[in-house]
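Structure data (PDB, C-alpha atoms and all ligand atoms) from coords01.pdb:
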```
ATOM      1  CA  MET H 188     110.904 -11.835  60.490
ATOM      2  CA  LEU H 189     113.922 -14.050  59.956
ATOM      3  CA  GLU H 190     115.453 -14.319  56.508
ATOM      4  CA  LEU H 191     118.030 -16.950  55.633
ATOM      5  CA  GLU H 192     119.731 -18.321  52.560
ATOM      6  CA  LEU H 193     119.618 -22.096  52.230
ATOM      7  CA  GLU H 194     122.519 -23.210  50.072
ATOM      8  CA  SER H 195     121.423 -26.812  49.610
ATOM      9  CA  GLU H 196     118.596 -29.230  50.272
ATOM     10  CA  ALA H 197     120.548 -30.335  53.355
ATOM     11  CA  ASP H 198     120.409 -26.751  54.710
ATOM     12  CA  THR H 199     116.634 -26.686  54.255
ATOM     13  CA  LEU H 200     116.241 -30.050  55.970
ATOM     14  CA  ALA H 201     118.446 -28.923  58.868
ATOM     15  CA  LEU H 202     116.499 -25.694  59.422
ATOM     16  CA  ALA H 203     113.184 -27.529  59.252
ATOM     17  CA  ARG H 204     114.465 -30.163  61.677
ATOM     18  CA  SER H 205     115.402 -27.461  64.188
ATOM     19  CA  LEU H 206     111.959 -25.938  63.773
ATOM     20  CA  GLY H 207     110.319 -29.321  64.355
ATOM     21  CA  ALA H 208     112.206 -29.648  67.622
ATOM     22  CA  VAL H 209     110.641 -26.470  69.081
ATOM     23  CA  LEU H 210     107.015 -26.977  68.001
ATOM     24  CA  LYS H 211     104.096 -27.615  70.360
ATOM     25  CA  GLY H 212     100.723 -29.253  69.907
ATOM     26  CA  GLY H 213      98.271 -26.896  68.178
ATOM     27  CA  ASP H 214     100.965 -25.057  66.198
ATOM     28  CA  VAL H 215     100.088 -24.457  62.553
ATOM     29  CA  ILE H 216     103.017 -23.813  60.203
ATOM     30  CA  GLY H 217     102.178 -22.427  56.770
ATOM     31  CA  LEU H 218     104.551 -23.327  53.930
ATOM     32  CA  GLU H 219     104.359 -20.983  50.964
ATOM     33  CA  GLY H 220     106.227 -20.731  47.674
ATOM     34  CA  GLY H 221     105.849 -21.899  44.097
ATOM     35  CA  LEU H 222     106.186 -25.393  42.722
ATOM     36  CA  GLY H 223     109.592 -26.838  43.539
ATOM     37  CA  ALA H 224     110.409 -24.130  46.075
ATOM     38  CA  GLY H 225     110.943 -26.783  48.748
ATOM     39  CA  LYS H 226     107.713 -26.865  50.771
ATOM     40  CA  THR H 227     107.489 -30.654  50.881
ATOM     41  CA  THR H 228     111.235 -30.918  51.558
ATOM     42  CA  PHE H 229     110.804 -28.501  54.478
ATOM     43  CA  ALA H 230     107.837 -30.499  55.783
ATOM     44  CA  ARG H 231     109.982 -33.666  55.648
ATOM     45  CA  GLY H 232     112.629 -32.021  57.844
ATOM     46  CA  ALA H 233     110.016 -30.769  60.292
ATOM     47  CA  VAL H 234     108.393 -34.214  60.591
ATOM     48  CA  HIS H 235     111.770 -35.811  61.295
ATOM     49  CA  GLY H 236     112.608 -32.978  63.696
ATOM     50  CA  LEU H 237     109.452 -33.869  65.589
ATOM     51  CA  GLY H 238     110.960 -37.268  66.257
ATOM     52  CA  VAL H 239     109.509 -39.395  63.473
ATOM     53  CA  SER H 240     112.012 -42.068  62.386
ATOM     54  CA  GLU H 241     114.291 -41.207  59.453
ATOM     55  CA  GLU H 242     113.133 -44.464  57.857
ATOM     56  CA  THR H 243     109.619 -43.050  57.564
ATOM     57  CA  ALA H 244     109.198 -41.520  54.110
ATOM     58  CA  VAL H 245     107.554 -38.098  54.033
ATOM     59  CA  THR H 246     106.038 -37.560  50.608
ATOM     60  CA  SER H 247     103.716 -34.978  49.121
ATOM     61  CA  PRO H 248     100.110 -35.287  50.327
ATOM     62  CA  THR H 249      98.824 -33.554  47.179
ATOM     63  CA  PHE H 250      96.291 -36.284  46.486
ATOM     64  CA  ALA H 251      95.587 -37.607  49.985
ATOM     65  CA  LEU H 252      95.437 -33.978  51.281
ATOM     66  CA  LEU H 253      96.602 -35.113  54.740
ATOM     67  CA  HIS H 254      99.382 -37.428  55.868
ATOM     68  CA  GLN H 255      99.590 -38.166  59.578
ATOM     69  CA  TYR H 256     102.693 -39.145  61.549
ATOM     70  CA  GLN H 257     103.415 -39.867  65.180
ATOM     71  CA  GLY H 258     106.560 -38.388  66.704
ATOM     72  CA  ARG H 259     106.886 -36.813  70.156
ATOM     73  CA  LEU H 260     103.590 -35.214  69.055
ATOM     74  CA  PRO H 261     101.092 -36.190  66.372
ATOM     75  CA  ILE H 262     101.886 -34.317  63.146
ATOM     76  CA  VAL H 263      99.730 -33.736  60.118
ATOM     77  CA  HIS H 264     101.286 -32.700  56.818
ATOM     78  CA  ALA H 265      98.670 -31.187  54.523
ATOM     79  CA  ASP H 266      98.705 -29.870  50.983
ATOM     80  CA  PHE H 267      95.692 -27.759  50.058
ATOM     81  CA  TYR H 268      96.750 -27.099  46.473
ATOM     82  CA  ARG H 269      93.698 -28.964  45.202
ATOM     83  CA  LEU H 270      91.320 -27.800  47.912
ATOM     84  CA  THR H 271      88.637 -25.365  46.830
ATOM     85  CA  ASP H 272      86.472 -24.279  49.719
ATOM     86  CA  GLU H 273      85.993 -24.042  53.459
ATOM     87  CA  VAL H 274      83.441 -26.838  53.542
ATOM     88  CA  GLU H 275      86.163 -29.249  52.564
ATOM     89  CA  LEU H 276      88.394 -27.888  55.321
ATOM     90  CA  ALA H 277      85.669 -28.649  57.872
ATOM     91  CA  GLU H 278      85.315 -32.120  56.383
ATOM     92  CA  LEU H 279      89.016 -32.732  56.907
ATOM     93  CA  GLY H 280      88.516 -32.184  60.646
ATOM     94  CA  VAL H 281      91.335 -29.677  61.027
ATOM     95  CA  ASP H 282      89.964 -28.117  64.217
ATOM     96  CA  GLU H 283      89.563 -31.523  65.833
ATOM     97  CA  LEU H 284      93.174 -32.372  64.954
ATOM     98  CA  LEU H 285      94.399 -29.140  66.577
ATOM     99  CA  ASP H 286      92.238 -29.759  69.662
ATOM    100  CA  GLU H 287      93.833 -33.204  69.924
ATOM    101  CA  GLY H 288      97.248 -31.536  70.133
ATOM    102  CA  CYS H 289      98.503 -32.160  66.603
ATOM    103  CA  VAL H 290     101.088 -30.005  64.903
ATOM    104  CA  LEU H 291      99.914 -29.004  61.439
ATOM    105  CA  VAL H 292     102.371 -28.338  58.611
ATOM    106  CA  VAL H 293     100.420 -27.007  55.668
ATOM    107  CA  GLU H 294     101.323 -26.310  52.041
ATOM    108  CA  TRP H 295      99.116 -23.713  50.311
ATOM    109  CA  GLY H 296      97.288 -22.853  53.571
ATOM    110  CA  ARG H 297      96.968 -19.194  52.568
ATOM    111  CA  LYS H 298      94.269 -20.183  50.085
ATOM    112  CA  LEU H 299      91.891 -20.839  52.968
ATOM    113  CA  PRO H 300      91.127 -17.893  55.269
ATOM    114  CA  THR H 301      90.262 -20.082  58.268
ATOM    115  CA  MET H 302      93.539 -21.977  57.842
ATOM    116  CA  ALA H 303      95.473 -18.733  57.440
ATOM    117  CA  ASP H 304      93.894 -17.377  60.654
ATOM    118  CA  ARG H 305      95.164 -20.379  62.624
ATOM    119  CA  THR H 306      98.712 -20.160  61.232
ATOM    120  CA  VAL H 307     101.315 -19.030  63.769
ATOM    121  CA  LEU H 308     104.344 -19.025  61.470
ATOM    122  CA  TRP H 309     104.679 -18.584  57.725
ATOM    123  CA  VAL H 310     107.652 -20.176  55.998
ATOM    124  CA  GLU H 311     108.019 -18.515  52.613
ATOM    125  CA  LEU H 312     110.408 -20.274  50.253
ATOM    126  CA  GLU H 313     111.763 -18.772  47.090
ATOM    127  CA  ILE H 314     113.971 -20.316  44.407
ATOM    128  CA  VAL H 315     117.283 -18.481  43.962
ATOM    129  CA  SER H 316     118.993 -21.086  41.779
ATOM    130  CA  ASP H 317     119.031 -24.890  41.305
ATOM    131  CA  ASN H 318     120.177 -25.658  44.832
ATOM    132  CA  VAL H 319     119.698 -22.371  46.621
ATOM    133  CA  ARG H 320     116.538 -21.141  48.310
ATOM    134  CA  ARG H 321     115.729 -17.976  50.243
ATOM    135  CA  VAL H 322     113.435 -18.464  53.208
ATOM    136  CA  ARG H 323     111.512 -15.881  55.172
ATOM    137  CA  LEU H 324     110.061 -16.964  58.495
ATOM    138  CA  ARG H 325     107.220 -14.596  59.240
ATOM    139  CA  PRO H 326     105.528 -14.859  62.636
ATOM    140  CA  GLN H 327     101.830 -14.291  63.017
ATOM    141  CA  GLY H 328     101.227 -13.290  66.638
ATOM    142  CA  ALA H 329     103.016 -14.014  69.904
ATOM    143  CA  ARG H 330     103.340 -17.780  69.392
ATOM    144  CA  GLY H 331     105.065 -17.231  66.052
ATOM    145  CA  GLU H 332     107.517 -14.788  67.691
ATOM    146  CA  ALA H 333     108.240 -17.335  70.428
ATOM    147  CA  ILE H 334     108.926 -20.078  67.880
ATOM    148  CA  ILE H 335     111.402 -17.860  66.029
ATOM    149  CA  GLY H 336     113.076 -16.975  69.344
ATOM    150  CA  ALA H 337     113.494 -20.655  70.224
ATOM    151  CA  LEU H 338     114.622 -21.544  66.708
ATOM    152  CA  VAL H 339     117.306 -18.853  66.537
ATOM    153  CA  LYS H 340     118.977 -20.360  69.632
ATOM    154  CA  ARG H 341     119.309 -23.649  67.736
ATOM    155  CA  LEU H 342     120.754 -22.307  64.512
ATOM    156  CA  PRO H 343     124.376 -23.206  63.743
ATOM    157  CA  ARG H 344     126.611 -20.175  64.128
TER     158      ARG H 344
HETATM  159  N1  LIG I 401     118.018 -25.630  49.048
HETATM  160  C1  LIG I 401     117.005 -26.449  48.703
HETATM  161  N2  LIG I 401     115.941 -26.569  49.534
HETATM  162  C2  LIG I 401     114.890 -27.359  49.198
HETATM  163  N3  LIG I 401     114.803 -28.080  48.067
HETATM  164  C3  LIG I 401     115.830 -28.000  47.216
HETATM  165  C4  LIG I 401     116.968 -27.191  47.494
HETATM  166  N4  LIG I 401     117.823 -27.299  46.457
HETATM  167  C5  LIG I 401     117.258 -28.137  45.585
HETATM  168  N5  LIG I 401     116.069 -28.569  46.019
HETATM  169  C6  LIG I 401     115.183 -29.482  45.269
HETATM  170  O1  LIG I 401     114.011 -28.770  44.936
HETATM  171  C7  LIG I 401     112.894 -29.647  44.957
HETATM  172  C8  LIG I 401     111.863 -29.128  45.918
HETATM  173  O2  LIG I 401     110.713 -29.912  45.780
HETATM  174  P1  LIG I 401     109.532 -29.928  46.841
HETATM  175  O3  LIG I 401     110.086 -29.915  48.221
HETATM  176  O4  LIG I 401     108.615 -31.034  46.458
HETATM  177  O5  LIG I 401     108.859 -28.493  46.548
HETATM  178  P2  LIG I 401     107.354 -28.004  46.690
HETATM  179  O6  LIG I 401     106.678 -28.861  47.723
HETATM  180  O7  LIG I 401     107.512 -26.567  47.121
HETATM  181  O8  LIG I 401     106.741 -28.100  45.335
HETATM  182  C9  LIG I 401     113.409 -31.012  45.370
HETATM  183  O9  LIG I 401     113.646 -31.775  44.217
HETATM  184  C10 LIG I 401     114.728 -30.671  46.088
HETATM  185  O10 LIG I 401     115.666 -31.700  45.996
HETATM  186 MG    MG I 402     104.843 -29.902  47.769
END
```
Before anything else, please render the file you have as structure tokens.
Amino acid sequence: MLELELESEADTLALARSLGAVLKGGDVIGLEGGLGAGKTTFARGAVHGLGVSEETAVTSPTFALLHQYQGRLPIVHADFYRLTDEVELAELGVDELLDEGCVLVVEWGRKLPTMADRTVLWVELEIVSDNVRRVRLRPQGARGEAIIGALVKRLPR
């Protein structure tokens, strides 16, 4: 587990960007935390870190459920806040996306057991104050550990 304090939105974006740079196709990143904790902000950094142009806006997929981008890998940003059951998950074609080598960055993935099973790294965001967030990066399995290992090497000292 890696715990960090993010003193500003820019810190969150920078961490997420570094994470994006070390991801591989098939990785599922689970973003957790209450409303306004910074999940969508983190996803934005990760998408840009995966090589999607800064000019491309990364907004909340609350209503569309999935937004897809193409960087050095295909990336899907999902928000399952409104999702209710596993049938819908199957309908979204999540397994097919992973088989195709997409990276999946998911808000509220813990709600769905099959999504949670596929998650290799949990990013848990917590509000400390207006501009400060605490983040816990919790690996799930060997791939999650490897991601944290690669990420730590990229963190500013
Ligand atoms: N350190 C920080 N990290 C992330 N967001 C921050 C931070 N400080 C302030 N914010 C603000 O908090 C809000 C987070 O919103 P958002 O990323 O949509 O959260 P969520 O998707 O978890 O609901 C944004 O308005 C962002 O500017
Ligand atoms: Mg959000």
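Applying the 10 Å criterion to (94.1, -38.5, 55.9) in file coordinates and using only C-alpha atoms, one obtains the residues Pro248, Phe250, Ala251, Leu252, Leu253, His254, Gln255, Val263, His264, Ala265, Leu279 and Gly280 of chain H.
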Save out the residues we just selected, C-alpha atoms, as an mmCIF file, keeping the file's coordinate frame.
```
data_model
loop_
_atom_site.group_PDB
_atom_site.id
_atom_site.type_symbol
_atom_site.label_atom_id
_atom_site.label_comp_id
_atom_site.auth_asym_id
_atom_site.auth_seq_id
_atom_site.Cartn_x
_atom_site.Cartn_y
_atom_site.Cartn_z
ATOM 1 C CA PRO H 248 100.110 -35.287 50.327
ATOM 2 C CA PHE H 250 96.291 -36.284 46.486
ATOM 3 C CA ALA H 251 95.587 -37.607 49.985
ATOM 4 C CA LEU H 252 95.437 -33.978 51.281
ATOM 5 C CA LEU H 253 96.602 -35.113 54.740
ATOM 6 C CA HIS H 254 99.382 -37.428 55.868
ATOM 7 C CA GLN H 255 99.590 -38.166 59.578
ATOM 8 C CA VAL H 263 99.730 -33.736 60.118
ATOM 9 C CA HIS H 264 101.286 -32.700 56.818
ATOM 10 C CA ALA H 265 98.670 -31.187 54.523
ATOM 11 C CA LEU H 279 89.016 -32.732 56.907
ATOM 12 C CA GLY H 280 88.516 -32.184 60.646
#
```
Quick one: distance from atom C3 of ligand LIG 401 (chain I) to atom CA of H:Tyr268 in Å, one decimal? 19.1 Å
For ligand LIG 401 (chain I), return the neighbouring residues as a ChimeraX atom specification (distance at most 10 Å; all atoms listed in the file). /H:192-202,218-231,246-249,266,294-295,311-322
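Take atom CA of H:Leu191 and atom CA of H:Gln257: the distance between them is 28.8 Å.
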Identify which of the residues H:Arg269, H:Trp309, H:Thr243, H:Glu278 lies closest to ligand MG 402 (chain I), counting all atoms listed in the file when measuring atom-to-atom distances. H:Arg269
So what do you get for atom CA of H:Leu291 versus atom CA of H:Arg344, distance-wise? 28.2 Å
Selection: 7 Å around H:Cys289, all atoms listed in the file, excl. self and same-chain fewer than 5 positions, as a PyMOL selection string: chain H and resi 212-213+260-263+284
Residue contacts of H:Leu338 (7 Å, all atoms listed in the file) excluding same-chain residues fewer than 6 positions away, as a ChimeraX atom specification: /H:205-206,209
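Take the candidates H:Met188, H:Ala203, H:Val339, H:Val293 and check each one against H:Val281 using all atoms listed in the file; the shortest distance goes to H:Val293.
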With only C-alpha atoms as the atoms that count, which of H:Leu276, H:Leu342, H:Ala208, H:Leu285 lies nearest to H:Pro300?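 Looking only at the distances to H:Pro300, the closest residue turns out to be H:Leu276.
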